[in-house]
Each structure stands twice: as C-alpha cells, then as structure tokens.
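Have a look at entry07.cif; it's mmCIF, C-alpha atoms:
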data_my_file
#
loop_
_atom_site.label_atom_id
_atom_site.label_comp_id
_atom_site.auth_asym_id
_atom_site.auth_seq_id
_atom_site.Cartn_x
_atom_site.Cartn_y
_atom_site.Cartn_z
CA ALA Z 1 -205.38 172.20 -67.67
CA MET Z 2 -205.52 175.16 -65.26
CA GLY Z 3 -206.49 177.70 -67.91
CA GLY Z 4 -203.42 179.81 -67.24
CA SER Z 5 -204.37 180.49 -63.61
CA PRO Z 6 -202.93 177.73 -61.40
CA ILE Z 7 -203.40 179.78 -58.21
CA VAL Z 8 -204.47 176.66 -56.29
CA SER Z 9 -201.77 174.23 -57.43
CA ALA Z 10 -200.21 172.55 -54.39
CA ASP Z 11 -197.15 171.44 -56.36
CA SER Z 12 -193.69 172.62 -55.34
CA ASN Z 13 -192.65 174.97 -58.13
CA ILE Z 14 -190.64 178.21 -57.98
CA ASN Z 15 -192.46 179.44 -61.10
CA PHE Z 16 -195.52 180.16 -58.94
CA ILE Z 17 -193.81 183.43 -57.99
CA ASN Z 18 -195.54 184.69 -61.16
CA VAL Z 19 -198.97 183.25 -60.30
CA ASN Z 20 -199.56 183.32 -56.55
CA PRO Z 21 -196.74 184.24 -54.14
CA ALA Z 22 -198.56 182.50 -51.26
CA LEU Z 23 -197.88 179.13 -52.96
CA LEU Z 24 -194.13 179.44 -52.36
CA THR Z 25 -192.72 177.26 -49.58
CA PRO Z 26 -189.30 176.25 -48.22
CA LYS Z 27 -189.48 173.25 -50.60
CA GLU Z 28 -188.38 175.68 -53.34
CA HIS Z 29 -185.16 176.58 -51.45
CA GLN Z 30 -182.43 177.26 -54.04
CA GLN Z 31 -184.78 176.08 -56.82
CA VAL Z 32 -184.29 177.72 -60.21
CA GLY Z 33 -186.96 177.97 -62.90
CA LEU Z 34 -186.09 178.55 -66.56
CA ASN Z 35 -188.87 178.88 -69.12
CA PHE Z 36 -188.67 179.87 -72.77
CA ILE Z 37 -191.43 179.73 -75.39
CA THR Z 38 -191.36 180.65 -79.07
CA LEU Z 39 -194.93 181.77 -79.77
CA ALA Z 40 -194.34 182.62 -83.44
CA PRO Z 41 -191.25 183.39 -85.53
CA GLY Z 42 -189.51 186.28 -83.76
CA LEU Z 43 -192.05 186.33 -80.89
CA ASN Z 44 -190.51 184.90 -77.71
CA MET Z 45 -191.55 184.76 -74.09
CA GLY Z 46 -189.54 183.67 -71.09
CA PHE Z 47 -189.32 183.58 -67.33
CA VAL Z 48 -186.37 183.01 -64.99
CA SER Z 49 -186.98 182.57 -61.25
CA TRP Z 50 -185.10 181.63 -58.09
CA GLY Z 51 -186.04 181.11 -54.45
CA TYR Z 52 -184.37 181.11 -51.04
CA ASP Z 53 -185.63 180.04 -47.61
CA LEU Z 54 -184.91 182.64 -44.90
CA LYS Z 55 -186.14 180.23 -42.19
CA ASP Z 56 -188.09 182.22 -39.56
CA LEU Z 57 -188.21 185.35 -41.74
CA GLY Z 58 -190.09 183.57 -44.53
CA PHE Z 59 -189.26 182.68 -48.10
CA ILE Z 60 -188.05 185.06 -50.81
CA GLY Z 61 -188.04 184.65 -54.54
CA ALA Z 62 -186.98 186.68 -57.52
CA GLY Z 63 -187.87 186.49 -61.17
CA VAL Z 64 -187.56 188.19 -64.53
CA GLN Z 65 -190.27 187.83 -67.17
CA PHE Z 66 -190.07 189.03 -70.76
CA LEU Z 67 -192.07 189.09 -73.96
CA ASN Z 68 -190.03 189.99 -77.04
CA TYR Z 69 -192.10 191.01 -80.07
CA GLY Z 70 -189.17 190.64 -82.45
CA GLU Z 71 -188.52 192.80 -85.48
CA MET Z 72 -191.52 194.33 -87.26
CA ASN Z 73 -191.86 196.34 -90.45
CA ARG Z 74 -192.45 200.07 -90.09
CA THR Z 75 -194.72 201.44 -92.80
CA ASP Z 76 -196.52 204.68 -93.46
CA ILE Z 77 -200.28 204.95 -94.05
CA TRP Z 78 -199.77 204.10 -97.74
CA GLY Z 79 -197.82 200.91 -96.99
CA ASN Z 80 -194.39 202.27 -97.92
CA ASN Z 81 -191.59 200.46 -96.11
CA LEU Z 82 -189.79 202.78 -93.66
CA GLY Z 83 -187.52 200.15 -92.10
CA THR Z 84 -188.07 198.02 -89.02
CA PHE Z 85 -188.55 198.39 -85.28
CA THR Z 86 -188.62 196.14 -82.22
CA GLY Z 87 -190.65 195.90 -79.06
CA GLY Z 88 -190.84 194.05 -75.78
CA ASP Z 89 -192.28 193.94 -72.27
CA TYR Z 90 -190.22 193.17 -69.16
CA ALA Z 91 -191.00 192.65 -65.47
CA LEU Z 92 -188.63 192.24 -62.53
CA MET Z 93 -190.28 190.52 -59.54
CA VAL Z 94 -189.34 190.11 -55.90
CA SER Z 95 -191.57 187.96 -53.67
CA TRP Z 96 -191.88 187.22 -49.99
CA THR Z 97 -193.98 184.47 -48.42
CA LYS Z 98 -194.62 183.74 -44.76
CA PRO Z 99 -196.74 181.12 -43.01
CA LEU Z 100 -199.46 182.69 -40.85
CA MET Z 101 -200.39 179.41 -39.18
CA LYS Z 102 -200.38 175.73 -40.05
CA TYR Z 103 -201.59 175.30 -43.65
CA LEU Z 104 -202.10 179.06 -44.19
CA ASN Z 105 -199.56 181.20 -46.11
CA MET Z 106 -199.55 184.84 -47.15
CA GLY Z 107 -197.36 186.22 -49.88
CA ALA Z 108 -196.64 189.37 -51.85
CA THR Z 109 -194.74 190.13 -55.04
CA PHE Z 110 -193.41 193.54 -56.02
CA LYS Z 111 -193.08 194.11 -59.79
CA GLY Z 112 -191.15 196.71 -61.72
CA ILE Z 113 -192.51 196.78 -65.29
CA TYR Z 114 -191.01 198.27 -68.46
CA SER Z 115 -192.36 198.26 -72.00
CA LYS Z 116 -190.89 199.49 -75.28
CA ILE Z 117 -192.61 199.48 -78.67
CA GLU Z 118 -190.77 201.32 -81.44
CA THR Z 119 -189.84 204.69 -79.87
CA TYR Z 120 -192.61 204.52 -77.24
CA THR Z 121 -191.76 203.45 -73.71
CA SER Z 122 -193.73 203.01 -70.53
CA SER Z 123 -192.99 201.92 -66.97
CA ALA Z 124 -195.11 200.85 -64.03
CA VAL Z 125 -194.94 199.41 -60.54
CA ALA Z 126 -197.35 196.82 -59.22
CA PHE Z 127 -197.73 194.14 -56.62
CA ASP Z 128 -199.54 190.85 -56.26
CA ALA Z 129 -200.84 189.62 -52.91
CA GLY Z 130 -202.05 186.15 -52.08
CA LEU Z 131 -203.48 184.10 -49.26
CA THR Z 132 -203.46 180.29 -49.56
CA TYR Z 133 -204.82 177.53 -47.36
CA ASN Z 134 -203.23 174.19 -48.31
CA ASN Z 135 -204.02 171.11 -46.22
CA PRO Z 136 -202.29 168.05 -47.73
CA ASN Z 137 -204.05 165.70 -45.27
CA ILE Z 138 -207.41 166.34 -46.92
CA ARG Z 139 -205.92 167.35 -50.30
CA LEU Z 140 -207.59 170.78 -50.23
CA THR Z 141 -206.16 174.09 -51.46
CA VAL Z 142 -208.01 177.43 -51.36
CA SER Z 143 -206.47 180.69 -52.63
CA LEU Z 144 -207.39 184.34 -52.91
CA VAL Z 145 -205.07 186.49 -55.07
CA GLY Z 146 -204.95 190.12 -56.18
CA LYS Z 147 -202.73 190.72 -59.22
CA ASN Z 148 -201.23 193.82 -60.86
CA ILE Z 149 -202.31 196.24 -58.17
CA GLY Z 150 -200.37 199.36 -59.00
CA ASN Z 151 -199.96 202.28 -61.32
CA GLN Z 152 -198.29 203.36 -64.54
CA LEU Z 153 -195.39 205.72 -63.83
CA ASP Z 154 -194.56 206.84 -67.36
CA PRO Z 155 -197.21 206.51 -70.10
CA TYR Z 156 -196.44 205.69 -73.73
CA LEU Z 157 -197.90 209.08 -74.71
CA GLU Z 158 -197.71 212.17 -72.51
CA GLY Z 159 -201.01 212.83 -70.74
CA ILE Z 160 -202.61 209.46 -71.60
CA ASP Z 161 -202.46 207.28 -68.50
CA GLU Z 162 -203.40 203.64 -68.91
CA GLY Z 163 -204.47 201.45 -66.02
CA LEU Z 164 -202.89 198.12 -65.23
CA PRO Z 165 -204.89 194.92 -65.78
CA ILE Z 166 -205.88 194.42 -62.12
CA ASP Z 167 -207.29 190.96 -61.49
CA PHE Z 168 -208.74 189.45 -58.31
CA GLN Z 169 -208.95 185.64 -58.32
CA PHE Z 170 -210.41 182.99 -56.04
CA GLY Z 171 -209.82 179.28 -56.45
CA ILE Z 172 -210.43 175.90 -54.82
CA ALA Z 173 -208.70 172.60 -55.62
CA LYS Z 174 -209.59 169.20 -54.18
CA GLY Z 175 -207.49 166.10 -54.71
CA LEU Z 176 -208.97 162.63 -54.67
CA ALA Z 177 -207.87 160.04 -52.11
CA HIS Z 178 -207.19 157.24 -54.60
CA ALA Z 179 -206.41 159.04 -57.86
CA PRO Z 180 -203.36 161.07 -58.97
CA PHE Z 181 -205.29 164.17 -59.98
CA ARG Z 182 -207.41 166.92 -58.46
CA PHE Z 183 -210.39 169.01 -59.44
CA SER Z 184 -210.08 172.77 -59.35
CA ILE Z 185 -212.15 175.81 -60.10
CA VAL Z 186 -210.81 179.36 -60.39
CA ALA Z 187 -212.82 182.54 -60.73
CA HIS Z 188 -210.92 185.49 -62.14
CA HIS Z 189 -211.67 189.18 -62.77
CA ILE Z 190 -213.95 189.27 -59.72
#
Rendering of file as structure tokens:
Amino acid sequence: AMGGSPIVSADSNINFINVNPALLTPKEHQQVGLNFITLAPGLNMGFVSWGYDLKDLGFIGAGVQFLNYGEMNRTDIWGNNLGTFTGGDYALMVSWTKPLMKYLNMGATFKGIYSKIETYTSSAVAFDAGLTYNNPNIRLTVSLVGKNIGNQLDPYLEGIDEGLPIDFQFGIAKGLAHAPFRFSIVAHHI
C-alpha cells in the first residue's frame, strides 16, 4: 500500500535499512530480516538484514540485497542458439542511525554495488541519507531521503559511464486516533 516507498512507516522493521536509514531505532536490536521473492521462473530477488544497538553511539545495520536474473539463452542476430549465460545485481549495505533530538533521527547507508550480465560487469558505490521526524503521541511521521547518491566505478563498457538512479523523496504519514491505519503521501524523484 506504500507504492514501494515506505519512507514514512513508523513500524519497527530492520528491512527499512534498504528504504530509509533514519527509520532504524534500538527496537531493531539484534533483529534479522530475511526476504526472498520469486518474480518469474529463474528470476529471484532477496534481502538479508541485521541490526545492532550501539547505545550512545547510535544504531548500526547491515544488509545484502540481490537480484538474480537466472539462466538466459545466448543467441546471435539470426536467432542461432549459442548457449546460455547468467546475470545478477548485488548490493552490500552498512547503515548508521543516530537520534538528533527527541523524535528526530538522522541516518546514512553506504552501499557497495556489483552487477554482472553475461561477460559484462560493473561496480559502483553509493549512499542513502535520511532525516525522519516521528512523534508517536500525535501519530505523525515526516521523512526526507536521498537515495543512490554516488558514482559508477567500473562501467559495463569501457568509456561509457552510466549514472546511478539518484532519487530524492519526501513523505508524510498521519495515523488516526481511533483506527488502526494511517494515511501517507510520498513524493519521489524530486
């Protein structure tokens, strides 16, 4: 129901390391997240995450995300079968979150990214940064997040640099006093 961008979810969930690092709190201490999705035969996606509360130093989390494209047929321009190949994308993430003041958290995630399709490989480094105000007394959450801020280190093809999909997002969520749900709105690619 969040359209793939739950940057203002006030729920306690270690998987938010991948969405908005400022949502992480000590409630996720020693929490482990395991996610696996089969999108189509041979096409799998997954995410493994873990968090640890460092007390006064903040909260750290780590995660590994992957998208495996499976085995594909390799053909020439005439459709002749030349065998098969595989491909996949992988990201290793390390996050840190720290309260700035009551109800206000800042967080950052460093990402090492690697991609392989057939014989082509690419790598990149990026970071996400977030700022979240979450006041449970009035059931209000407001977040500002910058995602994939970084650069490609090694392009798939020499001399052809590709940019990362940088995304700035802003969201507001408001829970109702006597109902178990909340309304939220998120603007992305701003």
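Each of Z:Ala62, Z:Leu157, Z:Val145, Z:Ile77 was compared to Lys116 of chain Z using only C-alpha atoms, and Z:Leu157 turns out to be the nearest.
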Segment 23-35 of chain Z environment, 7 Å, only C-alpha atoms, sequence neighbours closer than 2 positions dropped, as an NGL selection string:
:Z and (12-17 or 20-21 or 37 or 46-53 or 59 or 97 or 132)
Only C-alpha atoms, please: the residues just picked out, written as an mmCIF file, keeping the file's coordinate frame.
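Output file result-v4.cif is given in full below:
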data_model
loop_
_atom_site.group_PDB
_atom_site.id
_atom_site.type_symbol
_atom_site.label_atom_id
_atom_site.label_comp_id
_atom_site.auth_asym_id
_atom_site.auth_seq_id
_atom_site.Cartn_x
_atom_site.Cartn_y
_atom_site.Cartn_z
ATOM 1 C CA SER Z 12 -193.690 172.620 -55.340
ATOM 2 C CA ASN Z 13 -192.650 174.970 -58.130
ATOM 3 C CA ILE Z 14 -190.640 178.210 -57.980
ATOM 4 C CA ASN Z 15 -192.460 179.440 -61.100
ATOM 5 C CA PHE Z 16 -195.520 180.160 -58.940
ATOM 6 C CA ILE Z 17 -193.810 183.430 -57.990
ATOM 7 C CA ASN Z 20 -199.560 183.320 -56.550
ATOM 8 C CA PRO Z 21 -196.740 184.240 -54.140
ATOM 9 C CA ILE Z 37 -191.430 179.730 -75.390
ATOM 10 C CA GLY Z 46 -189.540 183.670 -71.090
ATOM 11 C CA PHE Z 47 -189.320 183.580 -67.330
ATOM 12 C CA VAL Z 48 -186.370 183.010 -64.990
ATOM 13 C CA SER Z 49 -186.980 182.570 -61.250
ATOM 14 C CA TRP Z 50 -185.100 181.630 -58.090
ATOM 15 C CA GLY Z 51 -186.040 181.110 -54.450
ATOM 16 C CA TYR Z 52 -184.370 181.110 -51.040
ATOM 17 C CA ASP Z 53 -185.630 180.040 -47.610
ATOM 18 C CA PHE Z 59 -189.260 182.680 -48.100
ATOM 19 C CA THR Z 97 -193.980 184.470 -48.420
ATOM 20 C CA THR Z 132 -203.460 180.290 -49.560
#
Between Z:Val142, Z:Leu92, Z:Ala187, Z:Ala177, smallest distance to Val125 of chain Z by all atoms listed in the file belongs to Z:Leu92
Result set of the PyMOL selection byres ((chain Z and resi 102) around 12) on the coordinates above, as a PyMOL selection string:
chain Z and resi 98-101+103-106+132-137
Suppose we keep C-alpha atoms; can you now write the selection as an mmCIF file, in the coordinates of the input?
data_model
loop_
_atom_site.group_PDB
_atom_site.id
_atom_site.type_symbol
_atom_site.label_atom_id
_atom_site.label_comp_id
_atom_site.auth_asym_id
_atom_site.auth_seq_id
_atom_site.Cartn_x
_atom_site.Cartn_y
_atom_site.Cartn_z
ATOM 1 C CA LYS Z 98 -194.620 183.740 -44.760
ATOM 2 C CA PRO Z 99 -196.740 181.120 -43.010
ATOM 3 C CA LEU Z 100 -199.460 182.690 -40.850
ATOM 4 C CA MET Z 101 -200.390 179.410 -39.180
ATOM 5 C CA TYR Z 103 -201.590 175.300 -43.650
ATOM 6 C CA LEU Z 104 -202.100 179.060 -44.190
ATOM 7 C CA ASN Z 105 -199.560 181.200 -46.110
ATOM 8 C CA MET Z 106 -199.550 184.840 -47.150
ATOM 9 C CA THR Z 132 -203.460 180.290 -49.560
ATOM 10 C CA TYR Z 133 -204.820 177.530 -47.360
ATOM 11 C CA ASN Z 134 -203.230 174.190 -48.310
ATOM 12 C CA ASN Z 135 -204.020 171.110 -46.220
ATOM 13 C CA PRO Z 136 -202.290 168.050 -47.730
ATOM 14 C CA ASN Z 137 -204.050 165.700 -45.270
#
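Across the chains present, the PyMOL selection byres ((chain Z and resi 115) around 8) applied to this file returns Gly87, Gly88, Asp89, Tyr90, Ile113, Tyr114, Lys116, Ile117, Thr121, Ser122 and Ser123 of chain Z.
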Could you name the residues that touch Gly150 of chain Z at 12 Å or less, counting only C-alpha atoms, but leaving out those on the same chain fewer than 2 positions away, as a list in words?
Thr109, Phe110, Lys111, Gly112, Ile113, Ser123, Ala124, Val125, Ala126, Phe127, Asp128, Ala129, Gly146, Lys147, Asn148, Gln152, Leu153, Glu162, Gly163, Leu164, Pro165, Ile166 and Asp167 of chain Z
Would you work out the distance separating atom CA of Ser184 of chain Z from atom CA of Val19 of chain Z, expressed in Å to one decimal?
15.3 Å
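Minimum atom-to-atom distances from Z:Leu54, Z:Thr75, Z:Met45, Z:Lys174 to Ala91 of chain Z were compared using only C-alpha atoms, and the lowest value belongs to Z:Met45.
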Nearest candidate to Val8 of chain Z (options Z:Gly58, Z:Thr84, Z:Phe36, Z:Ala22; using all atoms listed in the file):
Z:Ala22
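Here atom CA of Leu39 of chain Z stands at a distance of 14.0 Å from atom CA of Glu71 of chain Z.
Here atom CA of Asn81 of chain Z is placed at a distance of 16.9 Å from atom CA of Thr119 of chain Z.
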Output the residue selection produced by the PyMOL selection byres ((chain Z and resi 175) around 10) on the file above, formatted as a list in words.
Ala10, Pro136, Ile138, Arg139, Leu140, Thr141, Ala173, Lys174, Leu176, Ala177, His178, Ala179, Pro180, Phe181, Arg182, Phe183 and Ser184 of chain Z
